[in-house]
file entry-v2.cif (mmCIF, C-alpha atoms)
data_coords
loop_
_atom_site.group_PDB
_atom_site.id
_atom_site.type_symbol
_atom_site.label_atom_id
_atom_site.label_comp_id
_atom_site.auth_asym_id
_atom_site.auth_seq_id
_atom_site.Cartn_x
_atom_site.Cartn_y
_atom_site.Cartn_z
ATOM 1 C CA MET K 80 56.096 10.249 13.559
ATOM 2 C CA ASP K 81 53.817 12.870 15.177
ATOM 3 C CA ASP K 82 54.549 16.604 15.252
ATOM 4 C CA LEU K 83 56.037 16.465 18.724
ATOM 5 C CA GLU K 84 58.427 13.658 17.793
ATOM 6 C CA LYS K 85 59.447 15.636 14.735
ATOM 7 C CA LEU K 86 60.056 18.691 16.889
ATOM 8 C CA PHE K 87 62.208 16.711 19.346
ATOM 9 C CA SER K 88 64.150 15.280 16.436
ATOM 10 C CA GLU K 89 64.804 18.786 15.069
ATOM 11 C CA TYR K 90 65.816 19.900 18.554
ATOM 12 C CA ARG K 91 68.318 17.008 18.712
ATOM 13 C CA GLU K 92 69.735 18.080 15.358
ATOM 14 C CA SER K 93 69.917 21.715 16.431
ATOM 15 C CA LEU K 94 72.218 20.760 19.309
ATOM 16 C CA PRO K 95 74.839 18.324 18.018
ATOM 17 C CA ASP K 96 77.453 16.853 20.389
ATOM 18 C CA PRO K 97 79.962 19.689 20.950
ATOM 19 C CA GLU K 98 83.634 19.096 20.278
ATOM 20 C CA PRO K 99 85.475 19.068 23.640
ATOM 21 C CA SER K 100 88.179 21.694 24.023
ATOM 22 C CA ALA K 101 91.853 20.730 24.410
ATOM 23 C CA ALA K 102 91.668 21.757 28.075
ATOM 24 C CA PHE K 103 88.854 19.333 28.884
ATOM 25 C CA THR K 104 90.797 16.191 29.877
ATOM 26 C CA PRO K 105 93.638 18.049 31.690
ATOM 27 C CA GLY K 106 90.887 19.936 33.532
ATOM 28 C CA VAL K 107 89.337 16.645 34.691
ATOM 29 C CA TRP K 108 92.704 15.473 36.058
ATOM 30 C CA ARG K 109 93.309 18.809 37.786
ATOM 31 C CA ARG K 110 89.969 18.466 39.564
ATOM 32 C CA ILE K 111 90.694 14.858 40.496
ATOM 33 C CA GLU K 112 94.028 15.863 42.010
ATOM 34 C CA ALA K 113 92.440 18.779 43.862
ATOM 35 C CA ARG K 114 89.899 16.469 45.475
ATOM 36 C CA ARG K 115 92.344 13.798 46.545
ATOM 37 C CA SER K 116 92.159 13.776 50.328
ATOM 38 C CA PRO K 117 94.182 11.954 53.024
ATOM 39 C CA ILE K 118 91.014 10.089 54.087
ATOM 40 C CA PRO K 119 91.543 6.985 51.891
ATOM 41 C CA PHE K 120 95.134 6.683 53.138
ATOM 42 C CA LEU K 121 94.002 7.020 56.752
ATOM 43 C CA ARG K 122 91.281 4.451 56.161
ATOM 44 C CA ARG K 123 93.738 1.955 54.664
ATOM 45 C CA THR K 124 96.124 2.500 57.582
ATOM 46 C CA ALA K 125 93.322 2.015 60.109
ATOM 47 C CA GLU K 126 92.189 -1.167 58.345
ATOM 48 C CA ALA K 127 95.747 -2.550 58.394
ATOM 49 C CA PHE K 128 96.039 -1.701 62.071
ATOM 50 C CA VAL K 129 92.749 -3.449 62.891
ATOM 51 C CA ALA K 130 93.817 -6.552 60.916
ATOM 52 C CA LEU K 131 97.163 -6.635 62.744
ATOM 53 C CA ALA K 132 95.443 -6.261 66.112
ATOM 54 C CA ALA K 133 93.076 -9.130 65.251
ATOM 55 C CA VAL K 134 95.994 -11.431 64.323
ATOM 56 C CA PHE K 135 97.844 -10.481 67.502
ATOM 57 C CA THR K 136 94.746 -11.178 69.640
ATOM 58 C CA LEU K 137 94.320 -14.546 67.941
ATOM 59 C CA LEU K 138 97.948 -15.484 68.621
ATOM 60 C CA ILE K 139 97.629 -14.507 72.277
ATOM 61 C CA GLY K 140 94.411 -16.522 72.569
ATOM 62 C CA THR K 141 95.897 -19.586 70.859
ATOM 63 C CA PHE K 142 99.372 -19.823 72.382
ATOM 64 C CA LEU K 143 99.949 -17.540 75.346
ATOM 65 C CA ILE K 144 96.755 -17.935 77.386
ATOM 66 C CA PRO K 145 96.755 -21.807 77.436
ATOM 67 C CA ARG K 146 100.412 -21.779 78.525
ATOM 68 C CA ILE K 147 99.711 -19.375 81.399
ATOM 69 C CA GLN K 148 96.633 -21.352 82.428
ATOM 70 C CA ASN K 149 98.707 -24.559 82.687
ATOM 71 C CA ALA K 150 101.048 -23.041 85.318
ATOM 72 C CA SER K 151 100.883 -24.867 88.732
ATOM 73 C CA VAL K 152 99.690 -21.787 90.550
ATOM 74 C CA TYR K 153 96.413 -21.931 88.539
ATOM 75 C CA THR K 154 95.929 -25.729 88.570
ATOM 76 C CA ALA K 155 96.727 -26.512 92.281
ATOM 77 C CA ASN K 156 93.994 -26.421 94.928
ATOM 78 C CA TYR K 157 94.138 -24.558 98.257
ATOM 79 C CA ILE K 158 95.290 -27.570 100.311
ATOM 80 C CA ASP K 159 98.146 -28.298 97.928
ATOM 81 C CA VAL K 160 99.317 -24.712 98.186
ATOM 82 C CA LEU K 161 99.172 -24.820 102.020
ATOM 83 C CA ALA K 162 101.083 -28.104 102.079
ATOM 84 C CA ALA K 163 103.716 -26.725 99.839
ATOM 85 C CA GLU K 164 104.025 -23.674 102.076
ATOM 86 C CA HIS K 165 104.341 -25.892 105.188
ATOM 87 C CA ASN K 166 107.152 -27.921 103.641
ATOM 88 C CA ASN K 167 108.961 -24.795 102.805
ATOM 89 C CA ASN K 168 108.735 -23.601 106.462
ATOM 90 C CA GLU K 169 110.165 -26.894 107.794
ATOM 91 C CA THR K 170 113.261 -26.715 105.745
ATOM 92 C CA LEU K 171 114.017 -23.142 106.756
ATOM 93 C CA ASP K 172 117.051 -22.677 108.994
ATOM 94 C CA PHE K 173 116.528 -20.803 112.245
ATOM 95 C CA PRO K 174 118.583 -17.709 112.618
ATOM 96 C CA GLU K 175 121.659 -17.969 114.916
ATOM 97 C CA THR K 176 120.167 -15.948 117.787
ATOM 98 C CA ALA K 177 117.028 -17.992 117.853
ATOM 99 C CA ARG K 178 119.091 -21.247 117.967
ATOM 100 C CA ALA K 179 121.109 -19.923 121.004
ATOM 101 C CA ASP K 180 117.901 -19.121 122.888
ATOM 102 C CA VAL K 181 116.662 -22.600 122.296
ATOM 103 C CA ASN K 182 119.920 -24.150 123.669
ATOM 104 C CA GLU K 183 119.815 -22.020 126.850
ATOM 105 C CA ALA K 184 116.268 -22.884 127.575
ATOM 106 C CA ALA K 185 116.947 -26.631 127.236
ATOM 107 C CA PRO K 186 117.108 -28.556 130.634
ATOM 108 C CA ARG K 187 120.628 -29.736 131.695
ATOM 109 C CA MET V 186 79.714 0.241 24.485
ATOM 110 C CA LEU V 187 82.367 2.629 23.231
ATOM 111 C CA VAL V 188 85.148 0.824 25.107
ATOM 112 C CA GLU V 189 86.049 -2.735 26.058
ATOM 113 C CA PHE V 190 84.903 -4.121 29.427
ATOM 114 C CA GLU V 191 88.534 -4.864 30.181
ATOM 115 C CA LEU V 192 89.408 -1.165 29.947
ATOM 116 C CA ILE V 193 86.653 -0.298 32.431
ATOM 117 C CA GLU V 194 87.954 -2.986 34.784
ATOM 118 C CA ARG V 195 91.483 -1.624 34.520
ATOM 119 C CA ALA V 196 90.237 1.911 35.203
ATOM 120 C CA ARG V 197 88.275 0.589 38.183
ATOM 121 C CA ASP V 198 91.440 -1.066 39.493
ATOM 122 C CA GLY V 199 93.201 2.310 39.529
ATOM 123 C CA ASP V 200 94.872 2.373 36.098
ATOM 124 C CA ASP V 201 94.917 6.115 35.279
ATOM 125 C CA ALA V 202 95.896 5.557 31.628
ATOM 126 C CA ALA V 203 92.825 3.337 31.193
ATOM 127 C CA PHE V 204 90.629 5.990 32.826
ATOM 128 C CA ASN V 205 92.081 8.579 30.467
ATOM 129 C CA ARG V 206 91.009 6.412 27.516
ATOM 130 C CA VAL V 207 87.506 6.123 28.996
ATOM 131 C CA ILE V 208 87.330 9.944 29.157
ATOM 132 C CA GLN V 209 88.484 10.245 25.542
ATOM 133 C CA ALA V 210 85.892 7.720 24.395
ATOM 134 C CA TYR V 211 82.878 9.169 26.208
ATOM 135 C CA ARG V 212 83.542 12.889 26.582
ATOM 136 C CA LYS V 213 81.893 13.977 23.319
ATOM 137 C CA ARG V 214 78.729 11.964 23.929
ATOM 138 C CA ILE V 215 78.483 13.107 27.546
ATOM 139 C CA LEU V 216 79.046 16.753 26.600
ATOM 140 C CA GLY V 217 76.281 16.454 23.988
ATOM 141 C CA THR V 218 73.847 15.036 26.521
ATOM 142 C CA ILE V 219 74.730 17.738 29.046
ATOM 143 C CA ALA V 220 74.358 20.466 26.406
ATOM 144 C CA ARG V 221 70.826 19.276 25.676
ATOM 145 C CA LEU V 222 69.941 18.805 29.354
ATOM 146 C CA ILE V 223 71.143 22.121 30.739
ATOM 147 C CA GLY V 224 70.812 24.329 27.663
ATOM 148 C CA ARG V 225 73.784 26.576 28.468
ATOM 149 C CA PRO V 226 76.734 25.995 26.136
ATOM 150 C CA GLU V 227 79.166 28.017 28.262
ATOM 151 C CA ASP V 228 78.775 25.664 31.255
ATOM 152 C CA VAL V 229 78.749 22.341 29.418
ATOM 153 C CA GLU V 230 82.467 21.572 29.867
ATOM 154 C CA ASP V 231 82.341 22.477 33.550
ATOM 155 C CA VAL V 232 79.477 20.054 34.205
ATOM 156 C CA GLY V 233 81.146 17.454 31.951
ATOM 157 C CA GLN V 234 84.360 17.601 33.971
ATOM 158 C CA GLU V 235 82.340 17.187 37.152
ATOM 159 C CA VAL V 236 80.754 14.018 35.695
ATOM 160 C CA PHE V 237 84.155 12.449 35.018
ATOM 161 C CA VAL V 238 85.511 13.439 38.439
ATOM 162 C CA ARG V 239 82.495 11.762 40.057
ATOM 163 C CA LEU V 240 83.025 8.749 37.829
ATOM 164 C CA TYR V 241 86.673 8.521 38.927
ATOM 165 C CA TYR V 242 85.765 8.523 42.610
ATOM 166 C CA SER V 243 82.807 6.153 42.313
ATOM 167 C CA LEU V 244 84.200 3.650 39.838
ATOM 168 C CA ASP V 245 85.216 1.255 42.618
ATOM 169 C CA GLN V 246 81.504 0.888 43.486
ATOM 170 C CA LEU V 247 80.711 -0.382 39.986
ATOM 171 C CA ARG V 248 79.884 -4.070 40.389
ATOM 172 C CA THR V 249 80.061 -5.168 36.756
ATOM 173 C CA PRO V 250 81.389 -3.342 33.692
ATOM 174 C CA GLU V 251 78.134 -4.263 31.872
ATOM 175 C CA VAL V 252 76.255 -1.554 33.775
ATOM 176 C CA PHE V 253 78.912 1.068 33.060
ATOM 177 C CA GLU V 254 76.931 3.135 30.545
ATOM 178 C CA PRO V 255 73.714 3.430 32.623
ATOM 179 C CA TRP V 256 76.007 4.280 35.561
ATOM 180 C CA LEU V 257 77.696 7.039 33.563
ATOM 181 C CA TYR V 258 74.321 8.369 32.413
ATOM 182 C CA ARG V 259 73.091 8.413 36.011
ATOM 183 C CA LEU V 260 76.115 10.474 37.003
ATOM 184 C CA THR V 261 75.452 12.786 34.057
ATOM 185 C CA VAL V 262 71.791 13.247 34.978
ATOM 186 C CA ASN V 263 72.700 13.878 38.632
ATOM 187 C CA ALA V 264 75.361 16.427 37.688
ATOM 188 C CA ALA V 265 72.850 18.172 35.392
ATOM 189 C CA TYR V 266 70.271 18.236 38.234
ATOM 190 C CA ASP V 267 72.839 19.679 40.622
ATOM 191 C CA TYR V 268 73.780 22.333 38.085
ATOM 192 C CA LEU V 269 70.131 23.280 37.464
ATOM 193 C CA ARG V 270 69.471 23.419 41.210
ATOM 194 C CA ARG V 271 72.457 25.720 41.702
ATOM 195 C CA GLN V 272 71.184 27.896 38.901
ATOM 196 C CA ARG V 273 67.728 28.056 40.474
ATOM 197 C CA ARG V 274 69.277 29.074 43.764
ATOM 198 C CA ARG V 275 70.956 31.921 41.974
ATOM 199 C CA ASN V 276 67.474 33.083 41.059
ATOM 200 C CA GLU V 277 68.064 32.891 37.381
ATOM 201 C CA SER V 278 64.772 32.182 35.724
ATOM 202 C CA ARG V 279 64.566 29.854 32.780
ATOM 203 C CA MET V 280 63.526 32.674 30.519
ATOM 204 C CA SER V 281 66.650 34.645 31.292
ATOM 205 C CA ASP V 282 68.702 31.472 30.698
ATOM 206 C CA LEU V 283 67.134 31.222 27.322
ATOM 207 C CA SER V 284 67.770 34.793 26.402
ATOM 208 C CA GLU V 285 71.374 34.493 27.576
ATOM 209 C CA GLN V 286 71.753 31.473 25.380
ATOM 210 C CA GLN V 287 70.296 33.364 22.487
ATOM 211 C CA VAL V 288 72.849 36.075 23.124
ATOM 212 C CA THR V 289 75.639 33.471 23.159
ATOM 213 C CA MET V 290 74.396 31.952 19.950
ATOM 214 C CA ALA V 291 74.080 35.377 18.405
ATOM 215 C CA ASP V 292 77.631 36.200 19.532
ATOM 216 C CA ALA V 293 78.887 33.064 17.857
ATOM 217 C CA SER V 294 77.629 34.284 14.553
ATOM 218 C CA ALA V 295 78.628 37.915 15.127
ATOM 219 C CA GLY V 296 79.974 39.735 12.169
ATOM 220 C CA SER V 297 77.831 37.857 9.757
ATOM 221 C CA ARG V 298 74.139 37.690 9.157
ATOM 222 C CA ARG V 299 72.407 34.789 10.796
ATOM 223 C CA SER V 300 71.494 32.322 8.119
ATOM 224 C CA ASP V 301 67.973 30.988 7.761
ATOM 225 C CA GLU V 302 69.155 27.613 8.979
ATOM 226 C CA GLU V 303 70.574 29.107 12.205
ATOM 227 C CA GLY V 304 67.429 31.138 12.718
ATOM 228 C CA ARG V 305 65.371 28.008 12.411
ATOM 229 C CA ARG V 306 67.581 26.157 14.897
ATOM 230 C CA VAL V 307 67.202 28.928 17.448
ATOM 231 C CA LYS V 308 63.437 28.913 16.919
ATOM 232 C CA VAL V 309 63.225 25.142 17.433
ATOM 233 C CA HIS V 310 65.386 25.414 20.524
ATOM 234 C CA GLU V 311 63.249 28.186 21.990
ATOM 235 C CA LEU V 312 60.041 26.341 21.225
ATOM 236 C CA VAL V 313 61.151 23.051 22.788
ATOM 237 C CA GLU V 314 62.441 24.800 25.913
ATOM 238 C CA GLU V 315 59.184 26.710 26.189
ATOM 239 C CA LEU V 316 57.102 23.548 25.818
ATOM 240 C CA LEU V 317 59.232 21.664 28.321
ATOM 241 C CA GLY V 318 58.636 24.519 30.733
ATOM 242 C CA SER V 319 55.161 23.034 31.259
ATOM 243 C CA VAL V 320 56.604 20.042 33.174
ATOM 244 C CA SER V 321 58.779 19.718 36.268
ATOM 245 C CA GLU V 322 62.570 19.751 36.051
ATOM 246 C CA GLU V 323 62.716 15.988 36.724
ATOM 247 C CA ASP V 324 60.180 15.213 34.004
ATOM 248 C CA ARG V 325 61.910 17.588 31.613
ATOM 249 C CA ILE V 326 65.170 15.656 31.995
ATOM 250 C CA LEU V 327 63.360 12.326 31.719
ATOM 251 C CA LEU V 328 61.589 13.430 28.535
ATOM 252 C CA LYS V 329 64.811 14.726 27.031
ATOM 253 C CA LEU V 330 66.604 11.459 27.781
ATOM 254 C CA LYS V 331 63.796 9.493 26.125
ATOM 255 C CA GLU V 332 62.754 11.713 23.233
ATOM 256 C CA VAL V 333 65.911 13.643 22.442
ATOM 257 C CA GLU V 334 68.727 11.332 23.541
ATOM 258 C CA GLY V 335 66.772 8.317 22.304
ATOM 259 C CA LEU V 336 67.355 6.124 25.347
ATOM 260 C CA SER V 337 65.169 3.040 25.606
ATOM 261 C CA LEU V 338 62.862 2.314 28.538
ATOM 262 C CA ARG V 339 65.215 -0.465 29.645
ATOM 263 C CA GLU V 340 68.133 1.948 29.704
ATOM 264 C CA LEU V 341 66.083 4.513 31.617
ATOM 265 C CA GLU V 342 65.031 1.781 34.045
ATOM 266 C CA LYS V 343 68.693 1.098 34.809
ATOM 267 C CA ILE V 344 69.521 4.805 35.138
ATOM 268 C CA TYR V 345 66.619 5.651 37.445
ATOM 269 C CA SER V 346 66.446 2.270 39.234
ATOM 270 C CA VAL V 347 62.657 2.204 38.986
ATOM 271 C CA ASN V 348 60.416 -0.284 37.216
ATOM 272 C CA GLU V 349 59.420 0.123 33.603
ATOM 273 C CA ASN V 350 55.705 0.610 34.296
ATOM 274 C CA ALA V 351 56.298 3.514 36.676
ATOM 275 C CA LEU V 352 58.534 5.111 34.053
ATOM 276 C CA LYS V 353 55.958 4.585 31.314
ATOM 277 C CA VAL V 354 53.251 6.293 33.385
ATOM 278 C CA ARG V 355 55.509 9.206 34.255
ATOM 279 C CA LEU V 356 56.668 9.633 30.670
ATOM 280 C CA PHE V 357 53.129 9.392 29.333
ATOM 281 C CA ARG V 358 51.859 12.087 31.705
ATOM 282 C CA ALA V 359 54.788 14.395 30.991
ATOM 283 C CA ARG V 360 54.424 13.864 27.250
ATOM 284 C CA GLN V 361 50.698 14.604 27.434
ATOM 285 C CA ARG V 362 51.369 17.881 29.214
ATOM 286 C CA VAL V 363 53.971 18.895 26.630
ATOM 287 C CA LEU V 364 51.642 17.833 23.809
ATOM 288 C CA LYS V 365 48.856 19.950 25.286
ATOM 289 C CA ALA V 366 51.200 22.941 25.503
ATOM 290 C CA PHE V 367 52.264 22.279 21.891
ATOM 291 C CA GLU V 368 48.657 22.187 20.671
ATOM 292 C CA GLY V 369 47.975 25.426 22.551
ATOM 293 C CA LYS V 370 51.028 27.032 20.992
ATOM 294 C CA LYS V 371 49.993 25.938 17.501
ATOM 295 C CA ALA V 372 46.482 27.340 17.994
ATOM 296 C CA GLN V 373 47.987 30.591 19.268
ATOM 297 C CA ASP V 374 50.321 30.859 16.261
ATOM 298 C CA ALA V 375 47.471 30.129 13.852
ATOM 299 C CA ALA V 376 45.361 32.873 15.456
ATOM 300 C CA ALA V 377 48.280 35.327 15.264
ATOM 301 C CA ARG V 378 48.803 34.490 11.578
ATOM 302 C CA LYS V 379 45.097 35.110 10.863
ATOM 303 C CA VAL V 380 45.300 38.533 12.512
ATOM 304 C CA THR V 381 48.406 39.413 10.459
ATOM 305 C CA VAL V 382 46.711 38.367 7.210
ATOM 306 C CA ARG V 383 43.616 40.400 8.083
ATOM 307 C CA GLU V 384 45.736 43.459 8.861
ATOM 308 C CA GLU V 385 47.526 43.130 5.530
#
call {"tool": "encode", "arguments": {"input": "entry-v2.cif", "output": "structure tokens"}}
result
Amino acid sequence: MDDLEKLFSEYRESLPDPEPSAAFTPGVWRRIEARRSPIPFLRRTAEAFVALAAVFTLLIGTFLIPRIQNASVYTANYIDVLAAEHNNNETLDFPETARADVNEAAPR
Amino acid sequence: MLVEFELIERARDGDDAAFNRVIQAYRKRILGTIARLIGRPEDVEDVGQEVFVRLYYSLDQLRTPEVFEPWLYRLTVNAAYDYLRRQRRRNESRMSDLSEQQVTMADASAGSRRSDEEGRRVKVHELVEELLGSVSEEDRILLKLKEVEGLSLRELEKIYSVNENALKVRLFRARQRVLKAFEGKKAQDAAARKVTVREE
């Protein structure tokens, strides 16, 4: 052991571990409580919200969108839609006034 | 390890009673390390409490309980650095720190004559602090952890997260500087003794 090592060893002995006071541990808890902030709570809430939104998006993508896409209005082509419209027009009843005009104009 | 791994895991999982037991187990050792790092007995508990508060809020980042002690030492070293930096900002020179400490130590033994043993302790303390004044604050803490606290290079490697060789070089250089200052001090003392003898 050289002189410096001996000196460091004496220094270590001159400063033994101090005995903590009775107020030490309660003091630690007081500081912990004082530093508790709402940030962790807000973060947990935000994380839960994001998870819920992700599940909701997934459900919409899996069930709702395919159902909407299978509706006839999205699967039919332009001609089919026109034909359907035409059929609808044929079955419409003329109004009473229009029917009277037609009868008067007919040759006797 | 002063506590079981399981207790650390419970504390990490938010068990306050387990954390309380961790404080009880480590507080004396941590306060001792802080006392030797900062050299101001009146502020040791304050810095010690700060270490445990930081531990409480960073425990969830601890990957494995096996690295708990180096982790705690790192927090202790960082808290000591922060304290010393604050002190420096307050423009309190190291010499005045030392004299204040002397005053505190003298106060502790007020009413009675300081024994030879106490006088010797104060002398050793003054000398070591003076010698360590020849290196930077970082090196001073590193040297104290190695030479006074008795931490191994492997432990220091974990605390500082640097490789062993870099630590060895840094420690060697710091130690050489302190040794040089020590030799100078011894030569100075010898010369002073000669003068005193001649005068007598």
call {"tool": "resolve_selection", "arguments": {"input": "entry-v2.cif", "expression": "the PyMOL selection byres ((chain K) within 8 of (chain V))", "output": "PyMOL selection string"}}
result
chain K and resi 83-84+86-91+93-99+103-104+106-108+110-111
call {"tool": "resolve_selection", "arguments": {"input": "entry-v2.cif", "expression": "the PyMOL selection byres ((chain V and resi 341-345) around 8)", "output": "PyMOL selection string"}}
result
chain V and resi 255-256+258-259+330-331+336-340+346-349+352
call {"tool": "atom_distance", "arguments": {"input": "entry-v2.cif", "atom1": "atom CA of Leu327 of chain V", "atom2": "atom CA of Glu254 of chain V"}}
result
16.4 Å
call {"tool": "residues_around", "arguments": {"input": "entry-v2.cif", "residues": "Glu191 of chain V", "least_positions_apart": "4", "cutoff": "9 Å", "atoms": "only C-alpha atoms", "output": "list in words"}}
result
Arg195, Ala196 and Pro250 of chain V
call {"tool": "axis_aligned_box", "arguments": {"input": "entry-v2.cif", "around": "segment 223-240 of chain V", "padding_each_side": "5 Å", "output": "lines of an AutoDock Vina configuration file"}}
result
center_x = 78.2
center_y = 18.4
center_z = 33.1
size_x = 24.7
size_y = 29.3
size_z = 23.9
call {"tool": "residues_around", "arguments": {"input": "entry-v2.cif", "residues": "Thr249 of chain V", "least_positions_apart": "6", "cutoff": "10 Å", "atoms": "all atoms listed in the file", "output": "NGL selection string"}}
result
:V and (190 or 193-194)
call {"tool": "atom_distance", "arguments": {"input": "entry-v2.cif", "atom1": "atom CA of Ile223 of chain V", "atom2": "atom CA of Tyr268 of chain V"}}
result
7.8 Å
call {"tool": "atom_distance", "arguments": {"input": "entry-v2.cif", "atom1": "atom CA of Glu323 of chain V", "atom2": "atom CA of Tyr266 of chain V"}}
result
8.0 Å
call {"tool": "closest_residue", "arguments": {"input": "entry-v2.cif", "among": "V:Lys365, V:Arg271, V:Arg358, V:Lys370", "to": "Val232 of chain V", "atoms": "only C-alpha atoms"}}
result
V:Arg271
